[in-house]
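Q: Take this structure, written in structure tokens, and hold onto it; I'll ask about it next.
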Amino acid sequence: MDDKLKILLCEDDENLGMLLREFLQAKGFNADLYPDGEKGYKAFLKGKYDLCVLDVMMPKKDGFTLAQEIRNVNGEVPIIFLTAKALKEDILEGFKIGADDYITKPFSMEELVFRIGAILRRVKGKKDKEITLYKIGKYTFDTQKQVLISNGKTQKLTTKESELLALLCSHVNEILERNFALKSIWIDDNYFNARSMDVYITKLRKLLRDDPNIEIINIHGKGYKLIAPETHTSNSEE
């Protein structure tokens with residue numbers, strides 16, 4: 001990699017943490033390692049990180065708590081959870097907080113690097129999109145600022161909410177295929193990611209509920225459809 005991207009790595013297993021840091025550095029990343037959530041949070045406030053890799057089970061402050069605090073400061077920075085937990089409830093909890101990916105231990109370090117690369121490409125692609133504004137009914141959706149504006153009220157969206165709404169807007173009044181959305185945003189169309197997407201669809205419905213002319217409906221066996229009377233778009237050059 002030409003530019004060294006900065007990664008916040010929080011892992012309480014000293015041996016695993018050091019191996020991960022060395023491997024990430026060998027792959028061209030600049031990785032800072034911290035053994036608990038408290039130190040990780042202090043580092044995040046001081047440094048500018050491009051991505052966070054957080055172990056869930058850590059002393060002083062667990063990964064879920066740390067991720068929530070990071071999200072309160074920065075709603076856009078990508079977050080990957082590392083955990084030995086494989087319960088559906090734990091994985092869904094991670095995605096509800098706004099995780100971009102979730103890797104259960106043991107895992108391949110090459111797989112972690114692949115997932116990091118995929119997330120960073122997706123984030124870059126989102127920033128490079130020409131369309132930055134969507135007009136959906138009474139709402140204005142700014143994809144770059146990740147905000148939804150209506151009647152002077154601004155609602156901040158998480159990265160996942162923004163990416164999913166942008167996909168729905170680009171397919172307005174058409175079917176957005178479920179597998180396409182999963183692979184575009186979550187990379188993998190597995191059960192846990194599919195459940196996570198359902199959670200985000202519910203969140204988007206709540207965000208858009210003030211306009212009765214807008215609806216996100218399920219198309220059984222296929223995906224979703226954003227129904228809106230008119231959707232106008234504009235790009236950064238306009």
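As shown in the structure tokens, the chain order sets the letters A, B, ...; within each chain, residues go from 1, and ligands are also counted from 1 in the order they appear.
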How close does each residue of segment 101-207 of chain A get to segment 9-17 of chain A, giving the shortest atom pair and distance in Å to one decimal for every residue with an atom at most 12 Å away, counting only C-alpha atoms, sorted by chain and residue number, as CSV?
A:
```
residue,atom,partner,partner_atom,distance
A:Lys105,CA,A:Leu16,CA,10.8
A:Pro106,CA,A:Leu16,CA,10.5
A:Phe107,CA,A:Leu16,CA,11.1
A:Ser108,CA,A:Leu16,CA,11.8
A:Met109,CA,A:Leu16,CA,10.4
```
Q: Identify, on the basis of only C-alpha atoms, every residue whose closest approach to segment 148-156 of chain A does not exceed 6 Å; exclude the query and any residue fewer than 5 positions from it along the same chain; express the result as a PyMOL selection string.
A: chain A and resi 139-141
Q: Residues of the last selection are to be written out with N, CA and C atoms, as a CSV table (one decimal), in the first residue's frame.
A:
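The result, stored in out29.csv:
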```
chain,number,residue,atom,x,y,z
A,139,TYR,N,-37.6,14.7,2.2
A,139,TYR,CA,-36.3,14.5,2.8
A,139,TYR,C,-35.2,14.9,1.7
A,140,THR,N,-34.1,15.4,2.2
A,140,THR,CA,-32.9,15.6,1.5
A,140,THR,C,-31.8,14.7,2.1
A,141,PHE,N,-31.2,13.8,1.4
A,141,PHE,CA,-30.3,12.8,1.9
A,141,PHE,C,-28.9,13.2,1.3
```
Q: Could you produce a table of the residues of segment 150-183 of chain A lying within 12 Å of segment 211-228 of chain A, with the nearest pair of atoms per residue and their separation in Å rounded to one decimal, using only C-alpha atoms, ordered by chain and increasing residue number, as JSON lines?
A:
```
{"residue": "A:Ser150", "atom": "CA", "partner": "A:Asp211", "partner_atom": "CA", "distance": 9.5}
{"residue": "A:Asn151", "atom": "CA", "partner": "A:Asp211", "partner_atom": "CA", "distance": 11.1}
{"residue": "A:Leu164", "atom": "CA", "partner": "A:Tyr224", "partner_atom": "CA", "distance": 10.8}
{"residue": "A:Leu165", "atom": "CA", "partner": "A:Leu226", "partner_atom": "CA", "distance": 8.9}
{"residue": "A:Ala166", "atom": "CA", "partner": "A:Leu226", "partner_atom": "CA", "distance": 10.6}
{"residue": "A:Leu167", "atom": "CA", "partner": "A:Leu226", "partner_atom": "CA", "distance": 9.6}
{"residue": "A:Leu168", "atom": "CA", "partner": "A:Leu226", "partner_atom": "CA", "distance": 5.8}
{"residue": "A:Cys169", "atom": "CA", "partner": "A:Leu226", "partner_atom": "CA", "distance": 7.0}
{"residue": "A:Ser170", "atom": "CA", "partner": "A:Leu226", "partner_atom": "CA", "distance": 9.4}
{"residue": "A:His171", "atom": "CA", "partner": "A:Leu226", "partner_atom": "CA", "distance": 7.4}
{"residue": "A:Val172", "atom": "CA", "partner": "A:Leu226", "partner_atom": "CA", "distance": 5.2}
{"residue": "A:Asn173", "atom": "CA", "partner": "A:Ile227", "partner_atom": "CA", "distance": 4.9}
{"residue": "A:Glu174", "atom": "CA", "partner": "A:Lys225", "partner_atom": "CA", "distance": 5.7}
{"residue": "A:Ile175", "atom": "CA", "partner": "A:Lys225", "partner_atom": "CA", "distance": 4.8}
{"residue": "A:Leu176", "atom": "CA", "partner": "A:Tyr224", "partner_atom": "CA", "distance": 5.2}
{"residue": "A:Glu177", "atom": "CA", "partner": "A:Gly223", "partner_atom": "CA", "distance": 4.5}
{"residue": "A:Arg178", "atom": "CA", "partner": "A:Gly223", "partner_atom": "CA", "distance": 4.2}
{"residue": "A:Asn179", "atom": "CA", "partner": "A:Gly223", "partner_atom": "CA", "distance": 7.8}
{"residue": "A:Phe180", "atom": "CA", "partner": "A:Gly223", "partner_atom": "CA", "distance": 9.0}
{"residue": "A:Ala181", "atom": "CA", "partner": "A:Gly223", "partner_atom": "CA", "distance": 8.6}
{"residue": "A:Leu182", "atom": "CA", "partner": "A:Gly223", "partner_atom": "CA", "distance": 10.2}
```
Q: List as a ChimeraX atom specification the protein and nucleic acid residues near segment 41-57 of chain A, meaning an atom at most 6 Å away when only C-alpha atoms are counted, but skip any in the same chain fewer than 3 places from it.
A: /A:6-11,38,62-63,77-83
Q: Tell me, in Å to one decimal, how far atom CA of Pro35 of chain A is from atom CA of Met18 of chain A.
A: 10.1 Å
Q: Would you return as a PyMOL selection string the members of segment 126-237 of chain A that DSSP assigns to strand (DSSP E) on this structure's backbone?
A: chain A and resi 131-136+139-142+147-150+153-156+175-177+215-219+223-227+231-235
Q: One decimal, Å: what's the distance from atom CA of Arg195 of chain A over to atom CA of Ile136 of chain A, could you say?
A: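 That distance, rounded to one decimal, is 25.7 Å.
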Q: Given only C-alpha atoms as the basis, pick out the residue of A:Leu157, A:Ala67, A:Leu92, A:Leu5 nearest to Gln25 of chain A.
A: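 Nearest candidate to Gln25 of chain A out of A:Leu157, A:Ala67, A:Leu92, A:Leu5: A:Leu5.
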Q: Of the candidates A:Ile201, A:Ala84, A:Val113, A:Met58, which shows the shortest atom-to-atom distance to Ala26 of chain A, using only C-alpha atoms?
A: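 So, comparing all the options, the nearest one is A:Val113.
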Q: Go ahead and compute the interatomic distance for atom CA of Leu133 of chain A and atom CA of Ser162 of chain A, in Å to one decimal.
A: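 Rounded to one decimal, the two atoms are 11.6 Å apart.
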Q: Which of these, A:Ala194, A:Asp142, A:Ile70, A:Phe29, has the shortest distance to Ile91 of chain A once you count only C-alpha atoms?
A: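 For Ile91 of chain A, the nearest of the given residues is A:Ala194.
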Q: So which one's closest to Thr132 of chain A, A:Asp100, A:Glu163, A:Asp90, A:Glu76? Using only C-alpha atoms, please.
A: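 Nearest candidate to Thr132 of chain A out of A:Asp100, A:Glu163, A:Asp90, A:Glu76: A:Glu163.
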Q: Identify which of the residues A:Gly117, A:Leu207, A:Asp32, A:Lys39 lies closest to Val147 of chain A, counting only C-alpha atoms when measuring atom-to-atom distances.
A: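 Of the candidates, the smallest distance to Val147 of chain A is held by A:Leu207.
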Q: Any chance you could list, as a VMD selection string, the residues in chain A that come up alpha helix (DSSP H) when DSSP is run on the backbone?
A: chain A and resid 14 to 26 37 to 46 63 to 73 88 to 97 109 to 128 159 to 170 178 to 185 191 to 207
